[in-house]
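**Student:** Contents are compact mmCIF, C-alpha atoms; file name model.txt:
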# COMPACT_ATOMS: atom_id res chain seq x y z
CA MET A 1 -32.79 20.34 -33.98
CA ALA A 2 -29.22 21.34 -33.10
CA LYS A 3 -27.51 19.41 -30.34
CA LYS A 4 -27.35 21.23 -27.03
CA GLU A 5 -23.91 22.34 -25.92
CA ILE A 6 -22.63 20.66 -22.78
CA ALA A 7 -20.71 22.56 -20.10
CA LEU A 8 -18.71 21.15 -17.19
CA ILE A 9 -17.63 23.42 -14.32
CA VAL A 10 -15.11 21.94 -11.87
CA GLY A 11 -14.66 23.63 -8.51
CA ALA A 12 -18.26 24.77 -8.30
CA GLY A 13 -19.75 26.85 -5.52
CA ARG A 14 -21.34 30.24 -5.10
CA GLY A 15 -20.02 33.36 -6.78
CA LEU A 16 -18.47 32.88 -10.22
CA SER A 17 -19.29 29.18 -10.61
CA ALA A 18 -22.93 29.79 -9.74
CA SER A 19 -23.12 32.68 -12.20
CA LEU A 20 -21.53 30.54 -14.92
CA THR A 21 -24.04 27.78 -14.22
CA ARG A 22 -26.99 30.19 -14.47
CA LEU A 23 -25.70 31.81 -17.66
CA PHE A 24 -24.87 28.54 -19.40
CA ALA A 25 -28.26 27.11 -18.46
CA SER A 26 -29.97 30.25 -19.78
CA GLU A 27 -28.11 29.66 -23.07
CA ASN A 28 -29.83 26.28 -23.34
CA MET A 29 -26.72 24.32 -22.40
CA GLU A 30 -26.71 21.09 -20.44
CA VAL A 31 -24.62 21.92 -17.36
CA ALA A 32 -22.65 19.62 -15.07
CA ILE A 33 -21.06 21.05 -11.92
CA ALA A 34 -18.48 19.27 -9.77
CA ALA A 35 -17.10 19.87 -6.30
CA ARG A 36 -15.69 17.94 -3.38
CA ASN A 37 -18.84 18.76 -1.40
CA VAL A 38 -21.96 18.57 -3.56
CA ASP A 39 -24.38 19.31 -0.70
CA LYS A 40 -23.77 23.02 -1.22
CA LEU A 41 -24.84 22.69 -4.87
CA SER A 42 -28.35 21.34 -4.33
CA SER A 43 -30.21 24.67 -4.49
CA LEU A 44 -28.24 25.74 -7.59
CA CYS A 45 -29.13 22.45 -9.29
CA GLN A 46 -32.80 22.93 -8.45
CA GLU A 47 -32.70 26.47 -9.81
CA THR A 48 -30.88 25.73 -13.06
CA GLY A 49 -31.41 22.05 -13.81
CA ALA A 50 -27.68 21.40 -13.60
CA LYS A 51 -26.41 17.98 -12.54
CA SER A 52 -23.91 17.79 -9.70
CA TYR A 53 -20.99 15.39 -9.31
CA THR A 54 -18.60 14.71 -6.45
CA CYS A 55 -14.97 15.14 -7.47
CA ASP A 56 -11.66 15.94 -5.83
CA ALA A 57 -9.83 17.37 -8.83
CA THR A 58 -6.42 16.48 -7.39
CA GLN A 59 -7.22 12.76 -7.63
CA ILE A 60 -6.62 11.17 -11.03
CA SER A 61 -9.22 8.45 -10.60
CA GLN A 62 -11.90 10.91 -9.50
CA VAL A 63 -11.30 13.18 -12.49
CA ASP A 64 -11.46 10.20 -14.84
CA ASP A 65 -14.69 9.05 -13.15
CA LEU A 66 -16.15 12.56 -13.44
CA PHE A 67 -15.64 12.76 -17.20
CA SER A 68 -16.88 9.21 -17.64
CA SER A 69 -20.04 9.94 -15.64
CA VAL A 70 -20.78 13.25 -17.34
CA THR A 71 -20.27 11.68 -20.76
CA SER A 72 -22.54 8.78 -19.87
CA ASP A 73 -25.25 11.01 -18.36
CA ILE A 74 -25.40 13.95 -20.77
CA GLY A 75 -22.55 13.66 -23.29
CA GLU A 76 -18.99 14.86 -23.87
CA PRO A 77 -18.46 18.47 -22.69
CA ASP A 78 -18.06 21.20 -25.31
CA ILE A 79 -16.75 23.62 -22.69
CA VAL A 80 -14.84 22.79 -19.52
CA VAL A 81 -14.13 25.40 -16.83
CA TYR A 82 -11.60 24.85 -14.04
CA ASN A 83 -12.48 27.16 -11.16
CA ALA A 84 -10.90 25.51 -8.11
CA SER A 85 -8.19 27.12 -5.99
CA ASN A 86 -6.67 27.00 -2.53
CA ARG A 87 -4.03 28.80 -0.53
CA ALA A 88 -2.04 28.53 2.69
CA ARG A 89 -1.56 32.00 4.13
CA GLY A 90 1.30 33.20 6.29
CA PRO A 91 5.02 34.02 6.41
CA VAL A 92 7.11 31.54 4.48
CA GLN A 93 9.02 30.40 7.58
CA GLU A 94 5.76 29.46 9.31
CA LEU A 95 3.94 27.66 6.50
CA ASP A 96 3.00 24.01 6.88
CA PRO A 97 4.60 22.27 3.88
CA GLU A 98 1.66 19.85 3.59
CA ALA A 99 -0.80 22.76 3.46
CA VAL A 100 1.33 24.33 0.72
CA ARG A 101 1.38 21.04 -1.18
CA GLN A 102 -2.41 20.85 -1.00
CA ALA A 103 -2.78 24.45 -2.17
CA ILE A 104 -0.56 23.88 -5.21
CA GLU A 105 -2.29 20.60 -6.05
CA ILE A 106 -5.75 22.20 -5.98
CA SER A 107 -4.82 25.44 -7.76
CA CYS A 108 -2.56 23.91 -10.41
CA PHE A 109 -2.28 20.10 -10.58
CA GLY A 110 -6.05 19.70 -10.51
CA GLY A 111 -6.24 22.11 -13.43
CA PHE A 112 -3.82 19.91 -15.35
CA LEU A 113 -5.81 16.75 -14.66
CA VAL A 114 -9.09 18.36 -15.72
CA ALA A 115 -7.56 19.94 -18.82
CA GLN A 116 -5.91 16.64 -19.76
CA ALA A 117 -9.18 14.73 -19.41
CA ALA A 118 -10.98 17.38 -21.46
CA ALA A 119 -8.30 17.31 -24.17
CA LYS A 120 -8.51 13.53 -24.46
CA GLN A 121 -12.17 13.88 -25.40
CA MET A 122 -11.91 17.07 -27.45
CA ILE A 123 -8.94 16.16 -29.67
CA PRO A 124 -10.75 13.30 -31.46
CA GLN A 125 -13.79 15.58 -31.88
CA GLY A 126 -11.65 18.38 -33.32
CA ARG A 127 -13.30 21.07 -31.21
CA GLY A 128 -13.85 22.31 -27.66
CA THR A 129 -13.10 25.03 -25.14
CA ILE A 130 -11.06 24.81 -21.93
CA LEU A 131 -11.17 27.84 -19.60
CA LEU A 132 -8.96 28.27 -16.52
CA THR A 133 -9.67 30.74 -13.71
CA GLY A 134 -6.61 32.62 -12.51
CA ALA A 135 -6.13 35.54 -10.14
CA SER A 136 -3.96 38.56 -9.41
CA ALA A 137 -1.50 35.99 -8.08
CA SER A 138 -1.22 34.51 -11.58
CA VAL A 139 1.04 37.41 -12.58
CA LYS A 140 2.39 38.87 -9.31
CA GLY A 141 3.31 37.29 -6.01
CA TYR A 142 2.15 38.89 -2.76
CA PRO A 143 3.67 38.72 0.74
CA ASN A 144 2.33 35.86 2.89
CA SER A 145 0.71 34.29 -0.16
CA SER A 146 3.53 32.27 -1.74
CA SER A 147 1.48 29.09 -2.06
CA PHE A 148 -1.24 30.89 -4.00
CA ALA A 149 1.33 32.49 -6.31
CA MET A 150 2.96 29.13 -7.02
CA GLY A 151 -0.38 27.51 -7.79
CA LYS A 152 -1.73 30.32 -9.95
CA PHE A 153 1.56 30.97 -11.78
CA GLY A 154 1.58 27.27 -12.62
CA LEU A 155 -2.02 27.31 -13.83
CA ARG A 156 -1.27 30.28 -16.08
CA GLY A 157 1.74 28.48 -17.52
CA LEU A 158 -0.44 25.46 -18.18
CA GLY A 159 -2.99 27.61 -19.98
CA GLN A 160 -0.38 29.32 -22.14
CA ALA A 161 1.26 26.03 -23.12
CA LEU A 162 -2.03 24.29 -23.89
CA ALA A 163 -3.30 27.24 -25.89
CA ARG A 164 -0.31 26.91 -28.21
CA GLU A 165 -0.48 23.12 -28.27
CA LEU A 166 -4.20 22.69 -28.82
CA GLN A 167 -5.17 25.72 -30.91
CA PRO A 168 -3.97 24.04 -34.16
CA GLN A 169 -6.40 21.23 -33.30
CA ASN A 170 -9.34 23.66 -33.06
CA ILE A 171 -9.45 23.54 -29.25
CA HIS A 172 -9.67 26.96 -27.62
CA VAL A 173 -7.79 27.28 -24.33
CA ALA A 174 -7.97 30.52 -22.35
CA HIS A 175 -6.86 31.78 -18.94
CA PHE A 176 -8.61 34.52 -16.98
CA VAL A 177 -6.71 36.83 -14.64
CA ILE A 178 -9.34 37.83 -12.09
CA ASP A 179 -7.60 40.84 -10.55
CA GLY A 180 -9.77 41.68 -7.55
CA GLY A 181 -12.35 40.31 -5.16
CA ILE A 182 -15.48 38.64 -6.52
CA LEU A 183 -18.79 39.37 -4.81
CA GLN A 184 -20.05 36.22 -3.12
CA GLY A 185 -23.61 37.42 -2.61
CA PRO A 186 -25.56 40.27 -1.00
CA GLU A 187 -24.20 39.28 2.43
CA ASP A 188 -20.57 39.74 1.34
CA LYS A 189 -19.24 42.31 3.84
CA ARG A 190 -16.27 43.19 1.66
CA ALA A 191 -18.53 45.28 -0.62
CA SER A 192 -19.48 47.63 2.20
CA GLU A 193 -15.90 47.75 3.46
CA ARG A 194 -14.23 48.38 0.09
CA GLY A 195 -17.06 50.06 -1.77
CA GLU A 196 -19.31 48.47 -4.37
CA ASP A 197 -17.14 49.60 -7.28
CA ALA A 198 -14.13 47.75 -5.84
CA MET A 199 -15.67 44.29 -6.31
CA LEU A 200 -16.12 42.21 -9.45
CA ARG A 201 -19.68 41.09 -10.15
CA PRO A 202 -19.68 37.37 -10.92
CA GLU A 203 -22.53 37.60 -13.41
CA GLU A 204 -20.49 40.07 -15.47
CA ILE A 205 -17.37 37.87 -15.36
CA ALA A 206 -19.49 34.94 -16.55
CA LYS A 207 -20.47 36.90 -19.66
CA ASP A 208 -16.80 37.21 -20.59
CA TYR A 209 -16.28 33.45 -20.20
CA LEU A 210 -19.21 32.84 -22.53
CA HIS A 211 -17.88 35.41 -25.00
CA VAL A 212 -14.48 33.71 -25.12
CA HIS A 213 -16.15 30.35 -25.65
CA ARG A 214 -18.15 31.81 -28.53
CA GLN A 215 -15.25 33.67 -30.17
CA HIS A 216 -14.77 32.89 -33.83
CA ARG A 217 -11.50 31.05 -34.34
CA SER A 218 -10.26 33.84 -36.61
CA SER A 219 -9.87 36.00 -33.47
CA TRP A 220 -9.19 33.74 -30.48
CA THR A 221 -7.59 35.08 -27.33
CA TRP A 222 -5.63 32.95 -24.87
CA GLU A 223 -5.92 35.34 -21.90
CA ILE A 224 -8.17 38.07 -20.52
CA GLU A 225 -7.59 40.27 -17.47
CA LEU A 226 -10.66 41.44 -15.57
CA ARG A 227 -10.73 43.92 -12.70
CA PRO A 228 -13.01 46.58 -11.21
CA TRP A 229 -12.41 49.97 -12.73
CA VAL A 230 -11.10 51.34 -9.41
CA GLU A 231 -8.59 48.49 -8.92
CA LYS A 232 -4.90 49.48 -9.07
CA PHE A 233 -2.70 47.38 -11.33
With the file now loaded, output its structure as structure tokens.

**Tutor:**
Amino acid sequence: MAKKEIALIVGAGRGLSASLTRLFASENMEVAIAARNVDKLSSLCQETGAKSYTCDATQISQVDDLFSSVTSDIGEPDIVVYNASNRARGPVQELDPEAVRQAIEISCFGGFLVAQAAAKQMIPQGRGTILLTGASASVKGYPNSSSFAMGKFGLRGLGQALARELQPQNIHVAHFVIDGGILQGPEDKRASERGEDAMLRPEEIAKDYLHVHRQHRSSWTWEIELRPWVEKF
């Protein structure tokens, strides 16, 4: 019997992370999900059989402990998804520098720590997939959102550099530009305000993550942009 693939999603919650968890579980993967607050993950774990782990991805020791625990419990991950982000909103002259620091650390530095930990395990194995979740702010900065742009631009740069560095070692690194709002459930008021066609469905995004993971190495991509068909870009 073939070994089950193991997936680790860092920055888990509802929306995209939950859809990834459900899809990976339906593909007979062993799934580990990590967040700073794991209480919110209990129902998802019950539904999918995923295992939850507490982790602040900006803390080196916690990321190391996460990979050690997942490896001990279910094995070394074949696919690692970094889905955490944060932002401090407001005019640049009014922003709290510490809030900006936190936003950049969560959106970008945490992605580096998770990708580094994943690479340390995947390089000796000679295989693996690392997927990073970006946003519109990965490629264009918006007013009153400078912290988000800095974090997401940095994460995209990380993805591009690692794709070139790790591809020759059979490790697939890809970055996703999610250009638009993701539906967070049936109670998400933005759908009624913007119109259903203006929102990305998380279960459809998840299918693209799985497709990239399953791409044959003769036709790897390092980046995909996803947006609703009515979104301007």

**Student:** Quote the spacing between CA of Glu193 (chain A) and CA of Gly13 (chain A) in Å to one decimal place.

**Tutor:**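 Computing it gives 23.1 Å between the two atoms.
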
**Student:** Here is a test: counting only C-alpha atoms, which residue of A:Ala25, A:Ile224, A:Leu113, A:Leu158 is nearest to Thr48 (chain A)?

**Tutor:**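 Ranking A:Ala25, A:Ile224, A:Leu113, A:Leu158 by distance to Thr48 (chain A), first place goes to A:Ala25.
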
**Student:** State, in Å with one decimal place, the distance from CA of Val139 (chain A) to CA of Ile178 (chain A).

**Tutor:** 10.4 Å

**Student:** Write out as a list of chain:residue names which residues come within 8 Å of region 145-149 of chain A when counting all atoms listed in the file, dropping same-chain ones fewer than 5 positions away.

**Tutor:**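 Listing them by chain and then by number gives A:Asn86, A:Arg87, A:Ala88, A:Arg89, A:Gly90, A:Pro91, A:Val92, A:Val100, A:Ala103, A:Ile104, A:Ser107, A:Ala137, A:Ser138, A:Val139, A:Lys140.
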
**Student:** Mind pulling up the distance from CA of Ala99 (chain A) to CA of Val80 (chain A)?

**Tutor:**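 Computing the Euclidean distance for CA of Val80 (chain A) and CA of Ala99 (chain A) yields 26.9 Å.
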
**Student:** Enclose all atoms of region 17-20 of chain A listed in the file in an axis-aligned box, grow every side by 3 Å, and hand back centre and edge lengths in Å to one decimal, as JSON.

**Tutor:**
{"center_x": -21.2, "center_y": 30.9, "center_z": -12.3, "size_x": 9.8, "size_y": 9.5, "size_z": 11.2}

**Student:** Nearest residue to Glu5 (chain A) out of A:Leu132, A:Ile74, A:Leu183, A:Ala174, using only C-alpha atoms?

**Tutor:**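 Distance minimum relative to Glu5 (chain A) lands on A:Ile74.
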
**Student:** For Gly159 (chain A), which of A:Glu203, A:Glu223, A:Asp56, A:Glu27 is the closest residue, counting all atoms listed in the file?

**Tutor:**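 Checking each candidate against Gly159 (chain A), we get A:Glu223 as the closest.
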
**Student:** Which residues, written as an NGL selection string, have at least one atom at most 10 Å from Ala57 (chain A), with all atoms listed in the file counted and residues fewer than 3 positions away on the same chain left out?

**Tutor:** :A and (10-11 or 34-36 or 54 or 60-64 or 66 or 82 or 84 or 105-114)

**Student:** Please return as an MDAnalysis selection string every residue within 9 Å of (-21.0, 23.1, -22.8), taking into account only C-alpha atoms and the file's own coordinates.

**Tutor:** chainID A and resid 4:8 24 29:32 76:80 128:129

**Student:** Within 9 Å of (-8.3, 25.6, -38.9) in the file's own coordinates, which protein, DNA or RNA residues have an atom, counting all atoms listed in the file? List them as a short mmCIF file (atom, residue, chain, number, x, y, z; two decimals) with C-alpha atoms, in the frame of the given file.

**Tutor:**
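Just written: point_19.cif:
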data_model
loop_
_atom_site.label_atom_id
_atom_site.label_comp_id
_atom_site.auth_asym_id
_atom_site.auth_seq_id
_atom_site.Cartn_x
_atom_site.Cartn_y
_atom_site.Cartn_z
CA GLN A 167 -5.17 25.72 -30.91
CA PRO A 168 -3.97 24.04 -34.16
CA GLN A 169 -6.40 21.23 -33.30
CA ASN A 170 -9.34 23.66 -33.06
CA ARG A 217 -11.50 31.05 -34.34
CA SER A 218 -10.26 33.84 -36.61
#

**Student:** Write out as a list in words each polymer residue whose atoms come within 12 Å of Leu23 (chain A), counting all atoms listed in the file; drop sequence neighbours fewer than 6 positions from it.

**Tutor:**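 Close residues of Leu23 (chain A): Ala7, Leu16, Ser17, Met29, Glu30, Val31, Glu47, Thr48, Gly49, Ala50, Pro202, Glu203, Glu204, Ile205, Ala206, Lys207, Asp208, Tyr209, Leu210 and His211 of chain A.
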
**Student:** Rank nothing, just name the residue among A:Ser26, A:Ile171, A:Gln93, A:Trp220 nearest to Ala115 (chain A), using only C-alpha atoms.

**Tutor:**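 Result for the nearest residue to Ala115 (chain A): A:Ile171.
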
**Student:** So, counting only C-alpha atoms, which residue among A:Ile182, A:Met150, A:Met199, A:Val212 is closest to Ser19 (chain A)?

**Tutor:** A:Ile182
